[in-house]
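Novice: After the structure tokens below, expect a handful of questions from me.
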Amino acid sequence: PQENTTYIHTTYLDNIDNLNEDIVKHFDKLKETNPKEYEHVVLGGWKHKADGVIFENWKTGTFDDSLPFIYGGDYGFANDPSTIVKVAVDKKNNKLYLKEEFYEKHINTKGLIEVYNKIVGKTNIICDSAELRLIADLRGAGLNAHPSVKKPGSVLAGIKKMQSFEIIVEPNSKNLITELNNYEWIDKGTKEVPVDDFNHLIDPIRYCLTFLRA
């Protein structure tokens, strides 16, 4: 919401007496056959999730701090954020616990080291192997940073591994929740390649699961 702005949301229902009868019947039928589409397209409601999202197997809940955990990290600067996500696996109950710890743009190496020392400390953090020089800088600062393992097919394998768990997301992880609601396949028919977006926290989760061999 913007200050000094009044928002008025109207729909066809506010002008139904002046609409063609066939149009109204079409909308009424859509309401019965596809209520979600009716709410979004006809009534102008917000979609909480993109169509065909990759992950449906998650809910919000308390992070289980009794479990051993590690961190995953991804890097960005101007266009993409640098991120840290806390990851714990409950193998006995097949649950994956996630908590967003950091999500911010325009953080240089010195700033990242400060953030990592504050949040991660001496705990293992698995980082994008595309930035080996940065990982070396983190290790030089005394952090237990490890490069992710990337092999052909590792993205799809990591997605399937995440799909095999019941995922519990700490409720204040707003950017992670946004990613889970918008991370989708390029081709919803083949479901082989995800769109390279909304993955700044999801990618490091995959790195952690590979490191843990979960």
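Ligands are numbered from 1 in the order shown, residues from 1 within each chain, and chains are lettered A, B, ... in the order they appear in the structure tokens.
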Taking 4 positions as the minimum chain separation for residues in the same chain, which residues sit within 12 Å of Phe27 (chain A) when counting only C-alpha atoms? Answer as a PyMOL selection string.
Specialist: chain A and resi 11-13+16+19-23+31-35+37-43
Novice: What would the file look like if the residues just selected were written as an mmCIF file, in the first residue's frame with N, CA and C atoms?
Specialist:
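File written: result_13.cif
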data_model
loop_
_atom_site.group_PDB
_atom_site.id
_atom_site.type_symbol
_atom_site.label_atom_id
_atom_site.label_comp_id
_atom_site.auth_asym_id
_atom_site.auth_seq_id
_atom_site.Cartn_x
_atom_site.Cartn_y
_atom_site.Cartn_z
ATOM 1 N N THR A 11 -15.410 -5.817 -9.400
ATOM 2 C CA THR A 11 -15.527 -6.990 -10.265
ATOM 3 C C THR A 11 -16.799 -6.864 -11.099
ATOM 4 N N TYR A 12 -17.018 -7.843 -11.955
ATOM 5 C CA TYR A 12 -18.226 -7.838 -12.787
ATOM 6 C C TYR A 12 -19.492 -7.868 -11.939
ATOM 7 N N LEU A 13 -19.367 -8.349 -10.709
ATOM 8 C CA LEU A 13 -20.544 -8.433 -9.833
ATOM 9 C C LEU A 13 -21.072 -7.046 -9.464
ATOM 10 N N ILE A 16 -23.232 -6.196 -12.744
ATOM 11 C CA ILE A 16 -23.809 -7.378 -13.377
ATOM 12 C C ILE A 16 -25.085 -7.074 -14.151
ATOM 13 N N LEU A 19 -24.365 -6.318 -17.887
ATOM 14 C CA LEU A 19 -23.560 -7.248 -18.664
ATOM 15 C C LEU A 19 -24.425 -8.178 -19.498
ATOM 16 N N ASN A 20 -23.815 -8.636 -20.596
ATOM 17 C CA ASN A 20 -24.475 -9.616 -21.454
ATOM 18 C C ASN A 20 -24.732 -10.905 -20.667
ATOM 19 N N GLU A 21 -25.892 -11.474 -20.844
ATOM 20 C CA GLU A 21 -26.282 -12.670 -20.083
ATOM 21 C C GLU A 21 -25.342 -13.842 -20.348
ATOM 22 N N ASP A 22 -24.855 -13.963 -21.590
ATOM 23 C CA ASP A 22 -23.951 -15.076 -21.930
ATOM 24 C C ASP A 22 -22.625 -14.968 -21.169
ATOM 25 N N ILE A 23 -22.147 -13.722 -20.999
ATOM 26 C CA ILE A 23 -20.901 -13.520 -20.263
ATOM 27 C C ILE A 23 -21.069 -13.937 -18.806
ATOM 28 N N LYS A 31 -16.878 -20.579 -12.398
ATOM 29 C CA LYS A 31 -16.874 -20.639 -10.932
ATOM 30 C C LYS A 31 -17.075 -22.062 -10.439
ATOM 31 N N GLU A 32 -17.876 -22.833 -11.148
ATOM 32 C CA GLU A 32 -18.155 -24.217 -10.761
ATOM 33 C C GLU A 32 -17.052 -25.164 -11.210
ATOM 34 N N THR A 33 -16.559 -24.978 -12.439
ATOM 35 C CA THR A 33 -15.612 -25.939 -13.005
ATOM 36 C C THR A 33 -14.159 -25.665 -12.617
ATOM 37 N N ASN A 34 -13.823 -24.396 -12.405
ATOM 38 C CA ASN A 34 -12.440 -24.038 -12.066
ATOM 39 C C ASN A 34 -12.446 -22.859 -11.106
ATOM 40 N N PRO A 35 -12.782 -23.104 -9.842
ATOM 41 C CA PRO A 35 -12.926 -22.000 -8.882
ATOM 42 C C PRO A 35 -11.665 -21.172 -8.674
ATOM 43 N N GLU A 37 -9.302 -20.513 -10.954
ATOM 44 C CA GLU A 37 -9.173 -19.630 -12.105
ATOM 45 C C GLU A 37 -10.212 -18.513 -12.047
ATOM 46 N N TYR A 38 -11.403 -18.861 -11.611
ATOM 47 C CA TYR A 38 -12.468 -17.863 -11.452
ATOM 48 C C TYR A 38 -12.041 -16.776 -10.461
ATOM 49 N N GLU A 39 -11.470 -17.200 -9.341
ATOM 50 C CA GLU A 39 -11.062 -16.237 -8.323
ATOM 51 C C GLU A 39 -9.935 -15.346 -8.831
ATOM 52 N N HIS A 40 -8.987 -15.941 -9.588
ATOM 53 C CA HIS A 40 -7.822 -15.176 -10.039
ATOM 54 C C HIS A 40 -8.135 -14.296 -11.249
ATOM 55 N N VAL A 41 -8.720 -14.897 -12.296
ATOM 56 C CA VAL A 41 -8.915 -14.186 -13.561
ATOM 57 C C VAL A 41 -10.138 -13.276 -13.529
ATOM 58 N N VAL A 42 -11.251 -13.803 -13.001
ATOM 59 C CA VAL A 42 -12.508 -13.047 -13.066
ATOM 60 C C VAL A 42 -12.625 -12.059 -11.905
ATOM 61 N N LEU A 43 -12.313 -12.527 -10.697
ATOM 62 C CA LEU A 43 -12.451 -11.654 -9.532
ATOM 63 C C LEU A 43 -11.188 -10.857 -9.228
#
Novice: Which residues are near Val87 (chain A)? Cut-off 12 Å, only C-alpha atoms, ignore same chain within fewer than 4 positions. Put them as a ChimeraX atom specification.
Specialist: /A:63-65,67-73,95-101,120,123-126,162,167-170,201-202,204-212,214
Novice: Tell me, which residues of region 53-209 of chain A carry DSSP strand (DSSP E or B), written as a ChimeraX atom specification?
Specialist: /A:53,58-60,69-74,82-90,95-104,125-127,145-147,166-169,184-185,194
Novice: Between A:Ser173, A:Asn108, A:Asn57, A:Ser66, single out the one closest to Ala78 (chain A), counting only C-alpha atoms.
Specialist: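 That would be A:Asn108, the residue with the smallest distance to Ala78 (chain A).
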Novice: Quick one, how far is CA of Ser82 (chain A) from CA of Ser129 (chain A)?
Specialist: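 Spanning CA of Ser82 (chain A) to CA of Ser129 (chain A) is a straight-line distance of 14.0 Å.
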Novice: Given the choices A:Asn175, A:Leu30, A:Ile186, A:Asn117, which gets closest to Thr83 (chain A) if the distance is worked out from only C-alpha atoms?
Specialist: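 Among A:Asn175, A:Leu30, A:Ile186, A:Asn117, it is A:Asn175 that comes nearest to Thr83 (chain A).
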Novice: DSSP on the backbone: what in region 6-206 of chain A comes out helix (DSSP H, G or I), as an MDAnalysis selection string?
Specialist: chainID A and resid 12:18 21:33 35:42 109:119 129:140 154:163 174:182 202:206
Novice: I need the residue nearest Thr190 (chain A) from this list: A:Asp17, A:Leu132, A:Leu156, A:Ile84. Use only C-alpha atoms for the distance.
Specialist: A:Leu156
Novice: Quick one: residues within 9 Å of Asn199 (chain A), only C-alpha atoms, excluding same-chain residues fewer than 2 positions away - as a PyMOL selection string?
Specialist: chain A and resi 176+179-180+183+195-197+201-204
Novice: Excluding same-chain residues fewer than 5 positions from Asp128 (chain A), what lies within 7 Å of it counting only C-alpha atoms, as a PDB file with all heavy atoms, in the first residue's frame?
Specialist:
ATOM      1  N   GLY A  73      24.748 -21.951   1.385  1.00  0.00           N
ATOM      2  CA  GLY A  73      24.948 -20.564   1.008  1.00  0.00           C
ATOM      3  C   GLY A  73      24.977 -20.366  -0.497  1.00  0.00           C
ATOM      4  O   GLY A  73      25.471 -21.218  -1.240  1.00  0.00           O
ATOM      5  N   ASP A  74      24.429 -19.259  -0.944  1.00  0.00           N
ATOM      6  CA  ASP A  74      24.486 -18.887  -2.354  1.00  0.00           C
ATOM      7  C   ASP A  74      24.927 -17.427  -2.428  1.00  0.00           C
ATOM      8  O   ASP A  74      24.792 -16.679  -1.465  1.00  0.00           O
ATOM      9  CB  ASP A  74      23.126 -19.069  -3.022  1.00  0.00           C
ATOM     10  CG  ASP A  74      23.234 -19.268  -4.523  1.00  0.00           C
ATOM     11  OD1 ASP A  74      24.368 -19.294  -5.034  1.00  0.00           O
ATOM     12  OD2 ASP A  74      22.193 -19.407  -5.186  1.00  0.00           O
ATOM     13  N   PRO A 147      32.699 -26.432  -0.996  1.00  0.00           N
ATOM     14  CA  PRO A 147      32.063 -26.264  -2.310  1.00  0.00           C
ATOM     15  C   PRO A 147      30.995 -27.335  -2.536  1.00  0.00           C
ATOM     16  O   PRO A 147      31.141 -28.480  -2.104  1.00  0.00           O
ATOM     17  CB  PRO A 147      33.224 -26.424  -3.289  1.00  0.00           C
ATOM     18  CG  PRO A 147      34.214 -27.278  -2.563  1.00  0.00           C
ATOM     19  CD  PRO A 147      34.088 -26.912  -1.111  1.00  0.00           C
ATOM     20  N   SER A 148      29.940 -26.940  -3.205  1.00  0.00           N
ATOM     21  CA  SER A 148      28.898 -27.901  -3.543  1.00  0.00           C
ATOM     22  C   SER A 148      29.411 -28.876  -4.600  1.00  0.00           C
ATOM     23  O   SER A 148      30.337 -28.585  -5.344  1.00  0.00           O
ATOM     24  CB  SER A 148      27.665 -27.167  -4.087  1.00  0.00           C
ATOM     25  OG  SER A 148      28.006 -26.438  -5.259  1.00  0.00           O
TER      26      SER A 148
END
